[in-house]
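Student: my_file_27.cif is the file, holding mmCIF, C-alpha atoms:
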```cif
data_upload
loop_
_atom_site.label_atom_id
_atom_site.label_comp_id
_atom_site.auth_asym_id
_atom_site.auth_seq_id
_atom_site.Cartn_x
_atom_site.Cartn_y
_atom_site.Cartn_z
CA MET A 10 53.48 -124.08 -55.53
CA HIS A 11 53.04 -125.14 -51.94
CA ASN A 12 50.27 -123.10 -50.33
CA ILE A 13 50.57 -122.65 -46.57
CA LYS A 14 47.56 -121.34 -44.68
CA ASN A 15 47.99 -117.90 -43.17
CA GLU A 16 47.33 -119.16 -39.66
CA GLU A 17 50.02 -121.82 -40.05
CA LYS A 18 52.51 -119.19 -41.25
CA GLU A 19 51.70 -116.93 -38.31
CA LEU A 20 51.96 -119.83 -35.84
CA CYS A 21 55.35 -120.88 -37.19
CA ILE A 22 56.85 -117.40 -36.85
CA GLU A 23 55.17 -116.60 -33.54
CA ASN A 24 56.33 -119.82 -31.90
CA SER A 25 59.95 -119.04 -32.73
CA ALA A 26 60.29 -115.26 -32.74
CA ASN A 27 58.28 -114.64 -29.56
CA THR A 28 59.94 -117.31 -27.46
CA GLU A 29 62.51 -115.71 -25.19
CA GLY A 30 65.98 -117.13 -25.76
CA PHE A 31 65.15 -118.71 -29.11
CA ARG A 32 67.38 -117.58 -32.00
CA PHE A 33 67.27 -119.04 -35.50
CA HIS A 34 70.75 -118.74 -37.03
CA PRO A 35 71.16 -121.55 -39.59
CA THR A 36 74.40 -121.97 -41.51
CA ASP A 37 74.54 -121.70 -45.29
CA ALA A 38 74.65 -125.49 -45.60
CA GLU A 39 71.66 -125.89 -43.27
CA LEU A 40 69.60 -123.46 -45.33
CA VAL A 41 70.33 -125.37 -48.53
CA LYS A 42 69.30 -128.58 -46.74
CA TYR A 43 66.04 -126.92 -45.65
CA LEU A 44 65.43 -125.94 -49.26
CA LEU A 45 66.11 -129.48 -50.43
CA GLN A 46 63.69 -130.89 -47.86
CA TYR A 47 61.03 -128.33 -48.74
CA VAL A 48 61.05 -128.90 -52.52
CA LEU A 49 60.78 -132.65 -51.94
CA LYS A 50 58.33 -132.86 -49.02
CA GLY A 51 56.52 -129.51 -49.08
CA ARG A 52 57.05 -128.68 -45.41
CA LEU A 53 59.62 -128.49 -42.62
CA PRO A 54 59.71 -129.38 -38.90
CA GLU A 55 57.15 -127.26 -37.03
CA LEU A 56 59.61 -125.03 -35.20
CA VAL A 57 61.66 -124.02 -38.27
CA PRO A 58 60.51 -120.42 -38.99
CA ILE A 59 60.77 -120.44 -42.79
CA VAL A 60 57.56 -119.81 -44.71
CA GLU A 61 56.71 -119.40 -48.38
CA GLU A 62 56.25 -115.87 -49.69
CA ASP A 63 56.34 -114.23 -53.11
CA LEU A 64 59.24 -111.87 -52.48
CA TYR A 65 59.06 -110.44 -55.99
CA SER A 66 55.48 -109.21 -55.78
CA LYS A 67 55.79 -107.17 -52.57
CA GLU A 68 58.16 -104.51 -51.29
CA PRO A 69 60.35 -105.90 -48.46
CA TRP A 70 58.81 -103.69 -45.76
CA VAL A 71 55.37 -104.99 -46.77
CA VAL A 72 56.60 -108.56 -46.39
CA PHE A 73 57.94 -107.76 -42.91
CA LYS A 74 54.70 -105.99 -41.90
CA ASP A 75 54.98 -105.06 -38.22
CA ARG A 76 57.57 -107.72 -37.36
CA LYS A 77 60.21 -106.61 -34.87
CA GLU A 78 62.85 -109.01 -36.19
CA ARG A 79 65.63 -107.63 -38.35
CA THR A 80 66.03 -110.92 -40.23
CA LEU A 81 63.41 -113.28 -41.65
CA TYR A 82 63.61 -116.37 -43.85
CA PHE A 83 61.41 -117.27 -46.82
CA PHE A 84 60.98 -119.79 -49.59
CA THR A 85 60.08 -118.15 -52.88
CA GLU A 86 59.73 -119.22 -56.50
CA LEU A 87 61.76 -117.24 -59.02
CA LYS A 88 59.92 -116.25 -62.19
CA LYS A 89 61.65 -116.00 -65.55
CA LYS A 90 61.38 -112.86 -67.67
CA LYS A 91 60.68 -115.08 -70.68
CA ILE A 92 60.06 -118.82 -70.88
CA GLU A 93 63.10 -119.37 -73.07
CA ASN A 94 65.23 -116.99 -71.00
CA SER A 95 67.43 -117.98 -68.07
CA ARG A 96 67.15 -114.55 -66.41
CA PHE A 97 64.72 -114.01 -63.55
CA ILE A 98 62.51 -111.06 -62.60
CA ARG A 99 64.16 -109.03 -59.84
CA SER A 100 61.98 -105.94 -59.89
CA VAL A 101 59.42 -105.33 -57.15
CA GLY A 102 57.17 -102.27 -56.94
CA LYS A 103 59.21 -99.19 -57.84
CA GLY A 104 62.50 -100.84 -56.88
CA SER A 105 64.46 -103.98 -57.58
CA TRP A 106 66.82 -106.49 -55.99
CA LYS A 107 70.29 -105.93 -57.45
CA SER A 108 72.88 -108.73 -57.42
CA GLN A 109 76.09 -107.90 -55.57
CA ASP A 110 78.09 -110.95 -56.70
CA LYS A 111 78.00 -113.93 -59.06
CA GLY A 112 77.22 -116.40 -56.31
CA LYS A 113 79.37 -118.54 -54.05
CA PRO A 114 79.20 -122.34 -53.67
CA VAL A 115 77.70 -123.90 -50.56
CA CYS A 116 79.23 -127.28 -49.75
CA SER A 117 78.21 -130.30 -47.72
CA GLU A 118 80.25 -131.77 -44.88
CA LYS A 119 82.06 -133.90 -47.46
CA GLY A 120 82.95 -130.92 -49.63
CA SER A 121 80.35 -131.52 -52.36
CA VAL A 122 78.66 -128.47 -53.88
CA MET A 123 74.99 -128.59 -52.84
CA GLY A 124 73.98 -125.10 -53.95
CA TYR A 125 74.91 -121.47 -54.29
CA LYS A 126 74.53 -118.30 -52.25
CA ARG A 127 73.97 -114.95 -53.93
CA SER A 128 73.95 -111.52 -52.27
CA LEU A 129 71.36 -108.93 -53.30
CA ARG A 130 70.56 -105.38 -52.23
CA TYR A 131 67.25 -103.56 -52.53
CA GLN A 132 67.65 -100.55 -54.81
CA ASN A 133 65.16 -97.72 -55.23
CA LEU A 134 67.04 -94.52 -56.00
CA GLY A 135 65.61 -91.47 -54.25
CA SER A 136 63.67 -93.55 -51.75
CA PRO A 137 64.54 -93.71 -48.02
CA GLN A 138 64.29 -97.49 -48.41
CA ASP A 139 67.15 -97.55 -50.94
CA GLY A 140 69.92 -99.80 -49.65
CA GLN A 141 68.11 -100.52 -46.38
CA TRP A 142 67.28 -104.14 -47.24
CA LEU A 143 69.72 -106.97 -47.88
CA MET A 144 69.11 -110.50 -49.12
CA LYS A 145 71.01 -113.77 -49.28
CA GLU A 146 69.45 -116.07 -51.87
CA TYR A 147 70.23 -119.80 -51.75
CA SER A 148 69.58 -122.10 -54.72
CA LEU A 149 70.24 -125.77 -55.43
CA ALA A 150 73.14 -126.77 -57.67
CA ASP A 151 72.30 -128.03 -61.19
CA GLU A 152 73.70 -131.47 -60.36
CA VAL A 153 71.37 -131.69 -57.35
CA LYS A 154 68.39 -130.71 -59.51
CA LYS A 155 69.39 -133.36 -62.06
CA ILE A 156 69.36 -136.06 -59.37
CA LEU A 157 65.98 -134.83 -58.08
CA HIS A 158 64.48 -135.14 -61.57
CA GLN A 159 65.82 -138.68 -61.82
CA ARG A 160 64.46 -139.47 -58.38
CA SER A 161 60.98 -138.12 -59.07
CA ARG A 162 59.38 -137.73 -62.49
CA GLY A 163 56.94 -135.15 -61.15
CA TYR A 164 59.61 -132.88 -59.69
CA ASP A 165 59.00 -129.29 -60.86
CA LYS A 166 60.62 -127.05 -58.24
CA ASP A 167 63.82 -126.06 -60.03
CA ASN A 168 63.17 -122.35 -59.53
CA TYR A 169 62.59 -122.45 -55.78
CA VAL A 170 65.09 -120.70 -53.52
CA VAL A 171 65.34 -119.91 -49.82
CA CYS A 172 66.12 -116.33 -48.85
CA ARG A 173 67.46 -114.57 -45.77
CA VAL A 174 66.08 -111.02 -45.83
CA LYS A 175 67.55 -108.46 -43.47
CA ARG A 176 66.71 -104.84 -42.80
CA LYS A 177 69.56 -102.56 -41.87
CA VAL A 178 69.40 -100.50 -38.70
CA ALA A 179 68.83 -96.82 -39.41
CA LYS A 180 70.88 -94.18 -37.58
CA ASP A 181 67.93 -93.20 -35.41
CA ASP A 182 67.02 -96.80 -34.49
CA PRO A 183 69.36 -97.37 -31.52
CA ILE A 184 67.76 -96.57 -28.18
CA ALA A 185 69.71 -94.28 -25.87
CA ARG A 186 70.92 -95.99 -22.71
CA LYS A 187 69.30 -94.94 -19.44
CA GLU A 188 70.97 -95.22 -16.06
CA SER A 189 67.65 -96.07 -14.37
CA ILE A 190 64.52 -97.96 -15.31
CA GLU A 191 60.91 -96.89 -14.84
CA ALA A 192 58.67 -99.07 -12.67
CA ALA A 193 56.15 -99.43 -15.53
CA GLU A 194 58.83 -100.69 -17.91
CA LEU A 195 60.06 -103.23 -15.35
CA GLU A 196 56.50 -104.45 -14.77
CA ALA A 197 56.06 -104.95 -18.52
CA ILE A 198 59.20 -107.10 -18.58
CA ILE A 199 58.05 -109.20 -15.63
CA ASN A 200 54.46 -109.58 -16.85
CA PRO A 201 54.42 -109.08 -20.64
CA THR A 202 51.08 -108.65 -22.37
CA ASP A 203 52.31 -109.84 -25.78
CA GLY A 204 53.37 -113.31 -24.63
CA SER A 205 56.98 -112.69 -25.59
CA THR A 206 58.42 -114.68 -22.69
CA LYS A 207 55.89 -117.47 -22.86
CA PHE A 208 55.49 -120.47 -25.11
CA PRO A 209 52.45 -119.52 -27.24
CA ASN A 210 50.41 -122.25 -28.86
CA LEU A 211 53.01 -124.96 -28.25
CA SER A 212 52.38 -128.54 -27.25
CA ILE A 213 54.11 -130.07 -24.23
CA ASP A 214 56.57 -131.82 -26.56
CA ASP A 215 57.36 -128.55 -28.36
CA VAL A 216 58.04 -126.77 -25.08
CA ALA A 217 60.40 -129.56 -24.06
CA LYS A 218 62.27 -129.24 -27.37
CA LEU A 219 62.68 -125.50 -26.92
CA LYS A 220 63.96 -125.94 -23.37
CA ILE A 221 66.58 -128.40 -24.62
CA MET A 222 67.63 -125.96 -27.38
CA ARG A 223 68.01 -123.14 -24.85
CA MET A 224 70.21 -125.31 -22.61
CA GLN A 225 72.60 -126.22 -25.44
#
```
Would you kindly transcribe this structure into structure tokens?
Tutor:
Amino acid sequence: MHNIKNEEKELCIENSANTEGFRFHPTDAELVKYLLQYVLKGRLPELVPIVEEDLYSKEPWVVFKDRKERTLYFFTELKKKKIENSRFIRSVGKGSWKSQDKGKPVCSEKGSVMGYKRSLRYQNLGSPQDGQWLMKEYSLADEVKKILHQRSRGYDKDNYVVCRVKRKVAKDDPIARKESIEAAELEAIINPTDGSTKFPNLSIDDVAKLKIMRMQ
């Protein structure tokens, strides 16, 4: 398993999520390509906010911590119920991730199947968190894994997937619209204390890249 230092994980997410105007909305095919690059090289370009997390050892709200984003992306390694079994552990805490479909193919630009996308829903009957978390799980196709094994004898990342985890908006989440704005609120927007409109911990080259992305 690829271990990423906590400070590197925080930096990756902070640099993307807290930069005003930056939105990470990869396509299904792009996510499968990120997964392919990760299992082969162990890391991604600095500004790609996907980190490794064990999604099946923590409840989803614990994984999100105090993040304001509704959607986050993670690499995780699936664990089999039994060594000889093809089924994976989906339970976490008192709940579990329930599959909503059998999976849909994700194709390359040339129409070749690179991987599959599966939809899951967090289920914990009787809990206010039941149904409030959704996941899209992307895995590599068997043919791709076969080629990777032929390419590298030491390849052992067959059970890695990349996941898009999203929390649904509760009924009381929307903020009521106001016809006027308080001076204190406006000041906080102009001069934020959390660095949300700045470029935290970025090099000059990184800032230039972000500016280009925002102009596109």
Student: Set out as JSON lines a contact list for segment 121-178 of chain A and segment 39-63 of chain A with a cut-off of 7 Å, giving each residue of segment 121-178 of chain A that qualifies its closest atom pair and distance in Å to one decimal, counting only C-alpha atoms, ordered by chain and rising residue number.
Tutor:
```
{"residue": "A:Gly124", "atom": "CA", "partner": "A:Val41", "partner_atom": "CA", "distance": 6.5}
{"residue": "A:Tyr147", "atom": "CA", "partner": "A:Val41", "partner_atom": "CA", "distance": 6.4}
{"residue": "A:Leu149", "atom": "CA", "partner": "A:Val41", "partner_atom": "CA", "distance": 6.9}
{"residue": "A:Lys166", "atom": "CA", "partner": "A:Val48", "partner_atom": "CA", "distance": 6.0}
{"residue": "A:Val170", "atom": "CA", "partner": "A:Leu44", "partner_atom": "CA", "distance": 6.8}
{"residue": "A:Val171", "atom": "CA", "partner": "A:Leu44", "partner_atom": "CA", "distance": 6.1}
```
Student: In Å to one decimal, how far is atom CA of Lys177 of chain A from atom CA of Arg99 of chain A?
Tutor: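 A separation of 19.8 Å between them.
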Student: Fewer than 4 positions away in the same chain doesn't count, so skip those; otherwise give me all residues within 10 Å of Leu64 of chain A, counting all atoms listed in the file, as a ChimeraX atom specification.
Tutor: /A:68-69,71-72,83-87,99-101,106,172,174
Student: Using C-alpha atoms, can you export the residues from the last selection as a PDB file, in the coordinates of the input?
Tutor:
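That gives us selection.pdb:
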```pdb
ATOM      1  CA  GLU A  68      58.160-104.510 -51.290  1.00  0.00           C
ATOM      2  CA  PRO A  69      60.350-105.900 -48.460  1.00  0.00           C
ATOM      3  CA  VAL A  71      55.370-104.990 -46.770  1.00  0.00           C
ATOM      4  CA  VAL A  72      56.600-108.560 -46.390  1.00  0.00           C
ATOM      5  CA  PHE A  83      61.410-117.270 -46.820  1.00  0.00           C
ATOM      6  CA  PHE A  84      60.980-119.790 -49.590  1.00  0.00           C
ATOM      7  CA  THR A  85      60.080-118.150 -52.880  1.00  0.00           C
ATOM      8  CA  GLU A  86      59.730-119.220 -56.500  1.00  0.00           C
ATOM      9  CA  LEU A  87      61.760-117.240 -59.020  1.00  0.00           C
ATOM     10  CA  ARG A  99      64.160-109.030 -59.840  1.00  0.00           C
ATOM     11  CA  SER A 100      61.980-105.940 -59.890  1.00  0.00           C
ATOM     12  CA  VAL A 101      59.420-105.330 -57.150  1.00  0.00           C
ATOM     13  CA  TRP A 106      66.820-106.490 -55.990  1.00  0.00           C
ATOM     14  CA  CYS A 172      66.120-116.330 -48.850  1.00  0.00           C
ATOM     15  CA  VAL A 174      66.080-111.020 -45.830  1.00  0.00           C
TER      16      VAL A 174
END
```
Student: Excluding Ile156 of chain A and residues on its chain fewer than 4 positions from it, collect all residues at most 12 Å away from it, counting all atoms listed in the file, and give them as a PyMOL selection string.
Tutor: chain A and resi 45+49+123+149-152+160-162+164+167
Student: Between atom CA of Lys145 of chain A and atom CA of Lys90 of chain A, what is the distance, to one decimal in Å?
Tutor: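 For atom CA of Lys145 of chain A relative to atom CA of Lys90 of chain A, the distance reads 20.8 Å.
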Student: Residues within 8 Å of segment 131-139 of chain A, please, as a ChimeraX atom specification. Count only C-alpha atoms; anything in the same chain fewer than 4 positions from it doesn't count.
Tutor: /A:103-107,143-144
Student: Any chance you could resolve the PyMOL selection byres ((chain A and resi 78) around 10) against this file and give the residues as a ChimeraX atom specification?
Tutor: /A:26-27,73,75-77,79-81,175-176
Student: Write a file of the selected residues as an mmCIF file, in the frame of the given file, keeping C-alpha atoms.
Tutor:
```cif
data_model
loop_
_atom_site.group_PDB
_atom_site.id
_atom_site.type_symbol
_atom_site.label_atom_id
_atom_site.label_comp_id
_atom_site.auth_asym_id
_atom_site.auth_seq_id
_atom_site.Cartn_x
_atom_site.Cartn_y
_atom_site.Cartn_z
ATOM 1 C CA ALA A 26 60.290 -115.260 -32.740
ATOM 2 C CA ASN A 27 58.280 -114.640 -29.560
ATOM 3 C CA PHE A 73 57.940 -107.760 -42.910
ATOM 4 C CA ASP A 75 54.980 -105.060 -38.220
ATOM 5 C CA ARG A 76 57.570 -107.720 -37.360
ATOM 6 C CA LYS A 77 60.210 -106.610 -34.870
ATOM 7 C CA ARG A 79 65.630 -107.630 -38.350
ATOM 8 C CA THR A 80 66.030 -110.920 -40.230
ATOM 9 C CA LEU A 81 63.410 -113.280 -41.650
ATOM 10 C CA LYS A 175 67.550 -108.460 -43.470
ATOM 11 C CA ARG A 176 66.710 -104.840 -42.800
#
```
Student: Identify, on the basis of only C-alpha atoms, every residue whose closest approach to Gln109 of chain A does not exceed 8 Å; exclude the query and any residue fewer than 3 positions from it along the same chain; express the result as a ChimeraX atom specification.
Tutor: /A:127-130
Student: Nearest to Gly140 of chain A among A:Ser189, A:Gly120, A:Val178, A:Lys74, with distances taken over all atoms listed in the file: which residue is it?
Tutor: A:Val178
Student: At what distance in Å, to one decimal, does atom CA of Arg173 of chain A lie from atom CA of Arg32 of chain A?
Tutor: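 Separation of atom CA of Arg32 of chain A and atom CA of Arg173 of chain A: 14.1 Å.
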